[in-house]
>>> print(open('data.cif').read())   # mmCIF, C-alpha atoms
data_final
loop_
_atom_site.label_atom_id
_atom_site.label_comp_id
_atom_site.auth_asym_id
_atom_site.auth_seq_id
_atom_site.Cartn_x
_atom_site.Cartn_y
_atom_site.Cartn_z
CA MET A 258 -68.36 193.75 -16.83
CA GLN A 259 -70.27 193.27 -13.57
CA ASP A 260 -70.81 196.29 -11.38
CA ALA A 261 -70.15 196.31 -7.64
CA SER A 262 -73.76 195.57 -6.79
CA GLY A 263 -73.65 192.37 -8.89
CA VAL A 264 -70.50 191.14 -7.16
CA ALA A 265 -72.07 191.85 -3.77
CA ALA A 266 -75.17 189.91 -4.73
CA ILE A 267 -73.12 186.85 -5.75
CA ALA A 268 -71.13 187.01 -2.49
CA ALA A 269 -74.31 187.26 -0.48
CA SER A 270 -75.74 184.28 -2.36
CA GLY A 271 -72.59 182.21 -1.55
CA ASP A 272 -72.71 183.18 2.10
CA GLU A 273 -76.29 181.95 2.29
CA PHE A 274 -75.13 178.34 1.65
CA ALA A 275 -71.97 178.42 3.81
CA PRO A 276 -73.70 177.30 7.04
CA ARG A 277 -75.27 174.38 5.18
CA ARG A 278 -71.90 173.28 3.82
CA ALA A 279 -70.35 173.52 7.28
CA LEU A 280 -73.21 171.52 8.78
CA ARG A 281 -72.83 168.80 6.14
CA TYR A 282 -69.08 168.70 6.78
CA PHE A 283 -69.44 168.27 10.54
CA ALA A 284 -72.20 165.70 10.05
CA ALA A 285 -69.90 163.71 7.77
CA VAL A 286 -67.05 163.92 10.31
CA LEU A 287 -69.37 162.82 13.13
CA ALA A 288 -70.74 159.94 11.06
CA GLY A 289 -67.22 158.81 10.21
CA ALA A 290 -66.15 158.97 13.85
CA LEU A 291 -69.20 156.98 14.94
CA LEU A 292 -68.57 154.39 12.26
CA PHE A 293 -64.94 154.09 13.35
CA VAL A 294 -65.80 153.76 17.06
CA GLY A 295 -68.59 151.32 16.30
CA GLY A 296 -66.34 149.22 14.11
CA TYR A 297 -63.51 149.30 16.64
CA VAL A 298 -65.74 148.32 19.57
CA GLY A 299 -67.30 145.61 17.41
CA THR A 300 -63.83 144.25 16.67
CA LEU A 301 -62.97 144.26 20.38
CA LEU A 302 -66.19 142.40 21.18
CA ALA A 303 -65.39 139.80 18.53
CA PHE A 304 -61.92 139.28 20.02
CA ALA A 305 -63.45 139.01 23.49
CA ALA A 306 -65.94 136.37 22.31
CA ARG A 307 -63.03 134.29 21.00
CA GLY A 308 -61.01 134.71 24.20
CA ARG A 309 -58.40 136.78 22.39
CA LEU A 310 -58.98 140.28 23.71
CA PRO A 311 -55.78 141.69 25.27
CA PRO A 312 -56.06 143.91 28.35
CA PRO A 313 -56.47 147.66 27.82
CA PRO A 314 -53.03 149.02 26.80
CA ILE A 315 -52.57 151.47 29.67
CA ALA A 316 -48.82 150.74 29.77
CA ASN A 317 -48.80 149.33 26.23
CA ASN A 318 -46.93 146.33 27.62
CA VAL A 319 -49.09 143.21 27.66
CA CYS A 320 -47.38 141.81 30.75
CA ILE A 321 -47.91 144.97 32.81
CA ASP A 322 -51.40 145.56 31.44
CA GLU A 323 -52.49 142.00 32.23
CA LYS A 324 -51.33 142.47 35.85
CA LEU A 325 -53.37 145.69 36.05
CA ALA A 326 -56.39 143.78 34.75
CA PHE A 327 -55.76 141.05 37.33
CA LEU A 328 -55.67 143.68 40.10
CA ARG A 329 -58.96 145.13 38.87
CA ASP A 330 -60.67 141.74 38.87
CA HIS A 331 -58.96 140.30 41.99
CA PRO A 332 -58.22 143.09 44.49
CA PRO A 333 -56.27 141.77 47.48
CA ALA A 334 -58.02 141.72 50.83
CA ALA A 335 -56.02 143.74 53.37
CA PRO A 336 -52.51 142.40 52.63
CA ASN A 337 -49.86 143.12 55.25
CA LEU A 338 -46.89 142.09 53.09
CA LEU A 339 -46.24 143.64 49.67
CA ALA A 340 -43.68 142.10 47.31
CA ILE A 341 -42.37 144.50 44.67
CA GLY A 342 -39.85 144.37 41.85
CA SER A 343 -39.47 143.20 38.29
CA SER A 344 -40.08 139.76 36.81
CA VAL A 345 -37.78 138.05 39.32
CA ALA A 346 -40.19 139.13 42.05
CA TRP A 347 -43.30 138.41 40.00
CA ARG A 348 -42.07 134.98 38.86
CA GLN A 349 -40.37 133.61 41.95
CA PHE A 350 -41.90 135.18 45.03
CA ASP A 351 -44.12 132.27 46.10
CA SER A 352 -46.64 133.98 48.36
CA ALA A 353 -48.19 130.72 49.54
CA ALA A 354 -44.77 129.42 50.65
CA VAL A 355 -44.07 132.67 52.51
CA ALA A 356 -47.48 132.58 54.22
CA ALA A 357 -46.93 128.96 55.21
CA ALA A 358 -43.56 129.85 56.72
CA ILE A 359 -44.92 132.90 58.59
CA PRO A 360 -48.67 132.33 59.11
CA ALA A 361 -49.28 135.88 60.36
CA LEU A 362 -48.42 137.27 56.92
CA ARG A 363 -50.98 138.01 54.21
CA PRO A 364 -48.83 138.52 51.12
CA PHE A 365 -49.64 140.19 47.85
CA ASN A 366 -47.29 140.12 44.89
CA GLY A 367 -47.28 143.64 43.46
CA ALA A 368 -44.38 143.03 41.09
CA PHE A 369 -44.55 143.74 37.35
CA CYS A 370 -42.31 142.49 34.59
CA GLY A 371 -39.41 144.45 33.11
CA LEU A 372 -39.05 147.17 35.75
CA ARG A 373 -35.94 148.98 36.87
CA VAL A 374 -35.65 149.73 40.59
CA ASN A 375 -37.01 153.26 40.21
CA GLN A 376 -40.06 151.89 38.39
CA ALA A 377 -40.61 149.16 40.99
CA ILE A 378 -40.64 151.88 43.65
CA PHE A 379 -43.10 153.94 41.59
CA VAL A 380 -45.42 150.91 41.63
CA ALA A 381 -44.82 150.39 45.35
CA ASP A 382 -45.77 153.98 46.16
CA TRP A 383 -48.92 153.59 44.07
CA LEU A 384 -49.98 150.40 45.84
CA LEU A 385 -49.05 151.61 49.31
CA ASP A 386 -51.33 154.61 48.81
CA ARG A 387 -54.16 152.16 48.23
CA PHE A 388 -53.43 149.50 50.86
CA ASP A 389 -52.97 150.98 54.32
CA SER A 390 -52.88 147.45 55.74
CA VAL A 391 -49.37 146.81 54.37
CA ARG A 392 -46.79 146.71 57.16
CA ASN A 393 -43.95 144.96 55.31
CA VAL A 394 -42.43 145.58 51.89
CA VAL A 395 -39.99 143.21 50.17
CA LEU A 396 -38.11 144.22 47.02
CA VAL A 397 -36.81 141.21 45.08
CA ALA A 398 -34.34 142.30 42.41
CA SER A 399 -31.68 141.07 40.02
CA PRO A 400 -28.46 142.99 39.22
CA TYR A 401 -30.03 144.13 35.94
CA ASP A 402 -32.70 146.05 37.82
CA PHE A 403 -30.03 148.43 39.13
CA GLN A 404 -29.07 149.67 35.66
CA SER A 405 -30.31 152.68 33.66
CA CYS A 406 -32.56 154.28 36.28
CA LYS A 407 -31.29 157.69 35.16
CA LEU A 408 -32.44 157.01 31.60
CA THR A 409 -35.66 155.16 32.43
CA PRO A 410 -38.79 157.15 33.38
CA ALA A 411 -39.97 156.04 36.81
CA ALA A 412 -43.64 156.03 35.80
CA ALA A 413 -44.20 152.56 34.38
CA PHE A 414 -47.75 153.56 33.43
CA ASP A 415 -50.19 156.46 33.70
CA ARG A 416 -50.99 156.45 37.42
CA LYS A 417 -54.28 158.32 37.14
CA ALA A 418 -55.48 155.98 34.41
CA ALA A 419 -54.41 152.95 36.44
CA ASP A 420 -56.23 154.29 39.50
CA SER A 421 -59.37 154.78 37.47
CA PHE A 422 -59.14 151.36 35.80
CA VAL A 423 -58.00 149.22 38.74
CA PHE A 424 -59.57 150.81 41.78
CA GLU A 425 -62.44 153.00 40.63
CA GLY A 426 -64.29 150.64 38.32
CA ALA A 427 -64.16 152.94 35.30
CA TRP A 428 -65.72 151.75 32.04
CA ARG A 429 -63.30 149.18 30.65
CA TRP A 430 -63.92 149.92 26.97
CA GLY A 431 -63.04 153.56 27.37
CA PHE A 432 -59.40 152.61 27.99
CA TYR A 433 -59.20 150.83 24.64
CA LEU A 434 -60.31 154.10 23.00
CA ARG A 435 -58.07 156.35 25.09
CA PHE A 436 -54.93 154.24 24.57
CA PHE A 437 -55.72 153.17 21.02
CA ASP A 438 -52.80 151.33 19.41
CA PRO A 439 -53.79 148.99 16.58
CA VAL A 440 -50.26 147.63 16.11
CA SER A 441 -49.90 146.31 19.66
CA LEU A 442 -53.57 145.24 19.72
CA PHE A 443 -53.25 142.91 16.74
CA ARG A 444 -49.82 141.68 17.86
CA ASN A 445 -51.21 140.69 21.25
CA VAL A 446 -54.43 139.23 19.84
CA ARG A 447 -52.33 136.49 18.23
CA ARG A 448 -50.79 135.32 21.51
CA ILE A 449 -52.86 136.42 24.51
CA ALA A 450 -55.03 133.28 24.70
CA GLU A 451 -51.96 131.04 24.77
CA MET A 452 -50.27 133.21 27.41
CA ARG A 453 -53.35 133.01 29.63
CA THR A 454 -53.58 129.23 29.35
CA ASN A 455 -49.90 128.44 29.96
CA VAL A 456 -49.31 126.98 26.50
CA ASP A 457 -45.79 128.41 26.72
CA PRO A 458 -44.97 128.42 30.46
CA LEU A 459 -41.96 130.68 29.90
CA GLU A 460 -44.32 133.40 28.61
CA SER A 461 -47.21 132.57 30.93
CA LEU A 462 -49.68 135.20 32.11
CA VAL A 463 -51.32 132.87 34.64
CA PHE A 464 -51.55 134.30 38.16
CA THR A 465 -51.97 132.74 41.57
CA LYS A 466 -54.58 134.24 43.89
CA PHE A 467 -51.75 136.28 45.44
CA GLY A 468 -50.68 137.84 42.12
CA ASP A 469 -47.61 135.63 41.63
CA GLY A 470 -46.76 134.70 38.03
CA PRO A 471 -45.25 131.19 38.24
CA MET A 472 -43.25 129.52 35.51
CA ASP A 473 -44.34 125.98 36.34
CA THR A 474 -42.22 124.13 33.82
CA ASP A 475 -39.15 122.00 33.27
CA ALA A 476 -38.22 124.01 30.19
CA SER A 477 -35.38 126.52 29.98
CA ARG A 478 -34.57 129.35 27.62
CA ALA A 479 -31.77 128.95 25.15
CA ALA A 480 -28.56 130.63 26.30
CA PRO A 481 -27.41 133.32 26.27
CA GLN A 482 -30.36 135.40 27.37
CA TYR A 483 -28.44 137.86 29.51
CA GLY A 484 -24.97 139.34 29.20
CA ALA A 485 -22.69 141.01 31.69
CA VAL A 486 -23.93 143.70 34.05
CA SER A 487 -21.87 146.57 32.74
CA ASP A 488 -22.94 149.54 34.83
CA LEU A 489 -24.71 149.84 38.17
CA ASP A 490 -26.51 153.20 38.11
CA ARG A 491 -26.07 155.40 41.20
CA GLU A 492 -29.52 156.85 40.57
CA CYS A 493 -31.06 153.44 41.30
CA PHE A 494 -29.45 153.39 44.73
CA ALA A 495 -30.39 156.99 45.47
CA VAL A 496 -34.04 156.17 44.76
CA LEU A 497 -33.75 153.05 46.91
CA HIS A 498 -32.35 155.08 49.80
CA SER A 499 -35.18 157.63 49.61
CA PHE A 500 -37.78 154.88 49.54
CA ALA A 501 -36.24 153.12 52.55
CA LEU A 502 -36.37 156.38 54.51
CA ARG A 503 -40.04 156.88 53.59
CA LEU A 504 -40.92 153.39 54.79
CA LYS A 505 -39.02 153.95 58.03
CA ALA A 506 -41.00 157.15 58.63
CA MET A 507 -44.23 155.22 57.97
CA GLY A 508 -43.30 152.51 60.47
CA ARG A 509 -43.21 149.83 57.80
CA SER A 510 -40.48 147.22 57.54
CA PHE A 511 -38.46 147.02 54.33
CA SER A 512 -36.31 144.22 52.99
CA VAL A 513 -34.19 144.09 49.85
CA VAL A 514 -33.48 140.66 48.39
CA THR A 515 -31.15 139.98 45.47
CA THR A 516 -32.09 136.85 43.60
CA PRO A 517 -29.91 133.77 43.02
CA LEU A 518 -27.95 133.73 39.77
CA HIS A 519 -27.35 130.85 37.38
CA PRO A 520 -24.00 129.17 38.10
CA ASP A 521 -22.97 129.29 34.43
CA TRP A 522 -23.77 133.01 34.25
CA LYS A 523 -21.52 133.64 37.24
CA ARG A 524 -18.69 131.62 35.67
CA ARG A 525 -18.96 133.51 32.39
CA PHE A 526 -19.77 137.07 33.43
CA ASP A 527 -18.64 137.52 37.04
CA PRO A 528 -16.05 134.82 37.71
CA ASP A 529 -14.27 136.77 40.45
CA GLY A 530 -17.51 137.98 42.06
CA GLN A 531 -16.54 141.66 41.77
CA MET A 532 -19.87 142.77 40.31
CA ARG A 533 -21.82 140.94 43.01
CA ALA A 534 -19.61 142.43 45.70
CA SER A 535 -20.06 145.92 44.24
CA LEU A 536 -23.83 145.44 44.13
CA ALA A 537 -23.93 144.24 47.75
CA ARG A 538 -21.86 147.23 48.92
CA ALA A 539 -24.02 149.69 47.02
CA ILE A 540 -27.25 148.24 48.40
CA GLY A 541 -25.82 148.20 51.92
CA ALA A 542 -24.79 151.85 51.60
CA SER A 543 -28.19 152.85 50.23
CA LEU A 544 -29.93 151.28 53.24
CA ALA A 545 -27.64 152.87 55.82
CA GLY A 546 -29.54 155.00 58.31
CA THR A 547 -32.80 153.17 57.68
CA ASN A 548 -34.39 150.16 59.35
CA ALA A 549 -34.18 148.10 56.15
CA THR A 550 -32.75 144.58 55.88
CA TYR A 551 -30.68 143.22 53.00
CA TRP A 552 -30.53 139.52 52.11
CA ASP A 553 -28.23 138.35 49.32
CA ALA A 554 -29.87 135.09 48.28
CA ASP A 555 -27.08 134.15 45.90
CA ALA A 556 -24.47 134.40 48.65
CA ALA A 557 -26.62 132.85 51.38
CA ALA A 558 -28.54 130.18 49.48
CA ALA A 559 -27.15 129.73 45.96
CA MET A 560 -29.11 127.34 43.73
CA ASP A 561 -27.97 124.72 41.21
CA GLU A 562 -28.46 124.93 37.46
CA PRO A 563 -31.67 122.81 37.31
CA ALA A 564 -33.44 125.46 39.39
CA PHE A 565 -33.21 128.07 36.62
CA THR A 566 -35.11 128.77 33.42
CA ASP A 567 -32.44 131.32 32.44
CA ALA A 568 -29.70 133.39 34.07
CA ILE A 569 -31.90 135.03 36.71
CA HIS A 570 -35.33 133.37 36.76
CA LEU A 571 -36.30 130.33 38.82
CA ARG A 572 -38.83 127.71 37.83
CA TRP A 573 -41.74 127.43 40.26
CA SER A 574 -40.50 124.35 42.11
CA ALA A 575 -37.27 126.18 42.94
CA ALA A 576 -39.13 129.44 43.63
CA SER A 577 -40.91 127.74 46.52
CA THR A 578 -37.57 126.76 48.06
CA PHE A 579 -36.18 130.24 47.50
CA SER A 580 -39.27 131.82 49.10
CA ARG A 581 -39.14 129.60 52.17
CA ASN A 582 -35.45 130.42 52.63
CA MET A 583 -36.22 134.11 52.21
CA ALA A 584 -39.06 134.02 54.74
CA GLU A 585 -36.80 132.33 57.29
CA ALA A 586 -34.00 134.85 56.70
CA LEU A 587 -36.31 137.88 57.00
CA SER A 588 -38.72 136.67 59.68
CA HIS A 589 -36.94 138.58 62.46
CA SER A 590 -37.43 141.90 60.64
CA MET A 591 -41.11 141.47 59.72
CA VAL A 592 -43.92 143.31 61.47
CA GLN A 593 -46.43 140.54 62.25
#
>>> encode(input="data.cif", output="structure tokens")
Amino acid sequence: MQDASGVAAIAASGDEFAPRRALRYFAAVLAGALLFVGGYVGTLLAFAARGRLPPPPIANNVCIDEKLAFLRDHPPAAPNLLAIGSSVAWRQFDSAAVAAAIPALRPFNGAFCGLRVNQAIFVADWLLDRFDSVRNVVLVASPYDFQSCKLTPAAAFDRKAADSFVFEGAWRWGFYLRFFDPVSLFRNVRRIAEMRTNVDPLESLVFTKFGDGPMDTDASRAAPQYGAVSDLDRECFAVLHSFALRLKAMGRSFSVVTTPLHPDWKRRFDPDGQMRASLARAIGASLAGTNATYWDADAAAAMDEPAFTDAIHLRWSAASTFSRNMAEALSHSMVQ
């Protein structure tokens, strides 16, 4: 049986090697991490060489992230008109047509796909903080954008990360490490090259110099793509009201435009026009007490079926007509 001094000696002997074991452990962890980062960056470089590297997944939505990358690489030069909204603004606000109609305007399309009204206003606040030159803001929206604001976080992406990536020239590769998501990376690798080259115009990620995202095609999506608008969320209109008041205080003009709707959609889902009337009343009420203008494009300048790719989106040829009509309707309220 060992005495106490023997046990103490064995313990002391074990303690002598503990720092070495810890050092080997941390060295192995560090080597593994370096191998992982090196392999990951090498993979990204290989995708980039093949033209298949998606944008950094700051929002983890390839459409939004590609627009952020566009903004980083093509910052607008002192725009005085900012278009905001979801895909109906991104796809069918033809900035060149608006500038041709009102030559004093320098538009920039700051719309992103898939946004609710509260998210579009989050983006607008972010861009307005960066572009003091903006004197006019136009929100182009569909009825669907006025749903679920209460349940949808307003922040469409990490604002600080977007600031760093878009405006501050931060190291691009660091965002792939910070927002690492292998599932979305490999999903987007398979399709990003085609989206950037307009292989499928309905999923195009091609931008004009103004940031517009045209669908320059004769194709249409198979119906039905969109169902009835079941619930207009009061929170959306409350956020809209607050934003209109902020713009008034800033001395900036604000216009809200609701997009044309496909004739067949109206026949099927709003045959008596009650939803459209409710939407118009709610928007009008939310803009009361501000200097904002509302233009209902569907009521004022409805478009025929060939103009649409689906229930709410216009093909680019029709978007030019819509944008010219919009510019004419809003010209009196613009600060030029």
>>> closest_residue(input="data.cif", among="A:Ala353, A:Ala418, A:Leu310, A:Ile321", to="A:Cys370", atoms="all atoms listed in the file")
A:Ile321
>>> closest_atom_pairs(input="data.cif", of="stretch 462-531 of chain A", to="stretch 341-347 of chain A", cutoff="9 Å", atoms="all atoms listed in the file", output="tab-separated table")
residue	atom	partner	partner_atom	distance
A:Gly468	CA	A:Trp347	CA	7.7
A:Asp469	CA	A:Trp347	CA	5.4
A:Gly470	CA	A:Trp347	CA	5.4
A:Pro471	CA	A:Trp347	CA	7.7
A:Thr516	CA	A:Val345	CA	7.2
>>> residues_around(input="data.cif", residues="A:Arg429", least_positions_apart="5", cutoff="10 Å", atoms="only C-alpha atoms", output="CSV table (one decimal) with C-alpha atoms, keeping the file's coordinate frame")
chain,number,residue,atom,x,y,z
A,312,PRO,CA,-56.1,143.9,28.4
A,313,PRO,CA,-56.5,147.7,27.8
A,326,ALA,CA,-56.4,143.8,34.8
A,421,SER,CA,-59.4,154.8,37.5
A,422,PHE,CA,-59.1,151.4,35.8
A,423,VAL,CA,-58.0,149.2,38.7
A,434,LEU,CA,-60.3,154.1,23.0
>>> closest_residue(input="data.cif", among="A:Ser405, A:Thr550, A:Thr578, A:Asn337", to="A:Leu385", atoms="only C-alpha atoms")
A:Asn337
>>> resolve_selection(input="data.cif", expression="the PyMOL selection byres ((chain A and resi 490-507) around 6)", output="list of chain:residue names")
A:Val374, A:Phe403, A:Gln404, A:Ser405, A:Cys406, A:Lys407, A:Leu489, A:Gly508, A:Arg509, A:Ser543, A:Leu544, A:Thr547
>>> axis_aligned_box(input="data.cif", around="stretch 458-470 of chain A", padding_each_side="8 Å", output="JSON")
{"center_x": -48.3, "center_y": 133.1, "center_z": 37.0, "size_x": 28.6, "size_y": 25.4, "size_z": 32.8}
>>> resolve_selection(input="data.cif", expression="the PyMOL selection byres ((chain A and resi 519) around 7)", output="JSON, numbers by chain")
{"A": [517, 518, 520, 521, 522, 523, 562, 565, 568, 569]}
>>> atom_distance(input="data.cif", atom1="atom CA of A:Ala334", atom2="atom CA of A:Phe369")
19.2 Å
>>> atom_distance(input="data.cif", atom1="atom CA of A:Arg525", atom2="atom CA of A:Gly484")
9.0 Å
>>> residues_around(input="data.cif", residues="A:Asp555", least_positions_apart="3", cutoff="12 Å", atoms="only C-alpha atoms", output="PyMOL selection string")
chain A and resi 398-400+514-520+523+530+533-534+536-537+552+558-561+569+579+582-583
>>> atom_distance(input="data.cif", atom1="atom CA of A:Ile378", atom2="atom CA of A:Leu325")
16.1 Å
>>> resolve_selection(input="data.cif", expression="the PyMOL selection byres ((chain A and resi 430) around 12)", output="PyMOL selection string")
chain A and resi 294-295+297-302+305+310-315+422+426-429+431-437
>>> write_last_selection(input="data.cif", atoms="C-alpha atoms", output="JSON list (two decimals), in the frame of the given file")
[["chain", "number", "residue", "atom", "x", "y", "z"],
["A", 294, "VAL", "CA", -65.80, 153.76, 17.06],
["A", 295, "GLY", "CA", -68.59, 151.32, 16.30],
["A", 297, "TYR", "CA", -63.51, 149.30, 16.64],
["A", 298, "VAL", "CA", -65.74, 148.32, 19.57],
["A", 299, "GLY", "CA", -67.30, 145.61, 17.41],
["A", 300, "THR", "CA", -63.83, 144.25, 16.67],
["A", 301, "LEU", "CA", -62.97, 144.26, 20.38],
["A", 302, "LEU", "CA", -66.19, 142.40, 21.18],
["A", 305, "ALA", "CA", -63.45, 139.01, 23.49],
["A", 310, "LEU", "CA", -58.98, 140.28, 23.71],
["A", 311, "PRO", "CA", -55.78, 141.69, 25.27],
["A", 312, "PRO", "CA", -56.06, 143.91, 28.35],
["A", 313, "PRO", "CA", -56.47, 147.66, 27.82],
["A", 314, "PRO", "CA", -53.03, 149.02, 26.80],
["A", 315, "ILE", "CA", -52.57, 151.47, 29.67],
["A", 422, "PHE", "CA", -59.14, 151.36, 35.80],
["A", 426, "GLY", "CA", -64.29, 150.64, 38.32],
["A", 427, "ALA", "CA", -64.16, 152.94, 35.30],
["A", 428, "TRP", "CA", -65.72, 151.75, 32.04],
["A", 429, "ARG", "CA", -63.30, 149.18, 30.65],
["A", 431, "GLY", "CA", -63.04, 153.56, 27.37],
["A", 432, "PHE", "CA", -59.40, 152.61, 27.99],
["A", 433, "TYR", "CA", -59.20, 150.83, 24.64],
["A", 434, "LEU", "CA", -60.31, 154.10, 23.00],
["A", 435, "ARG", "CA", -58.07, 156.35, 25.09],
["A", 436, "PHE", "CA", -54.93, 154.24, 24.57],
["A", 437, "PHE", "CA", -55.72, 153.17, 21.02]]
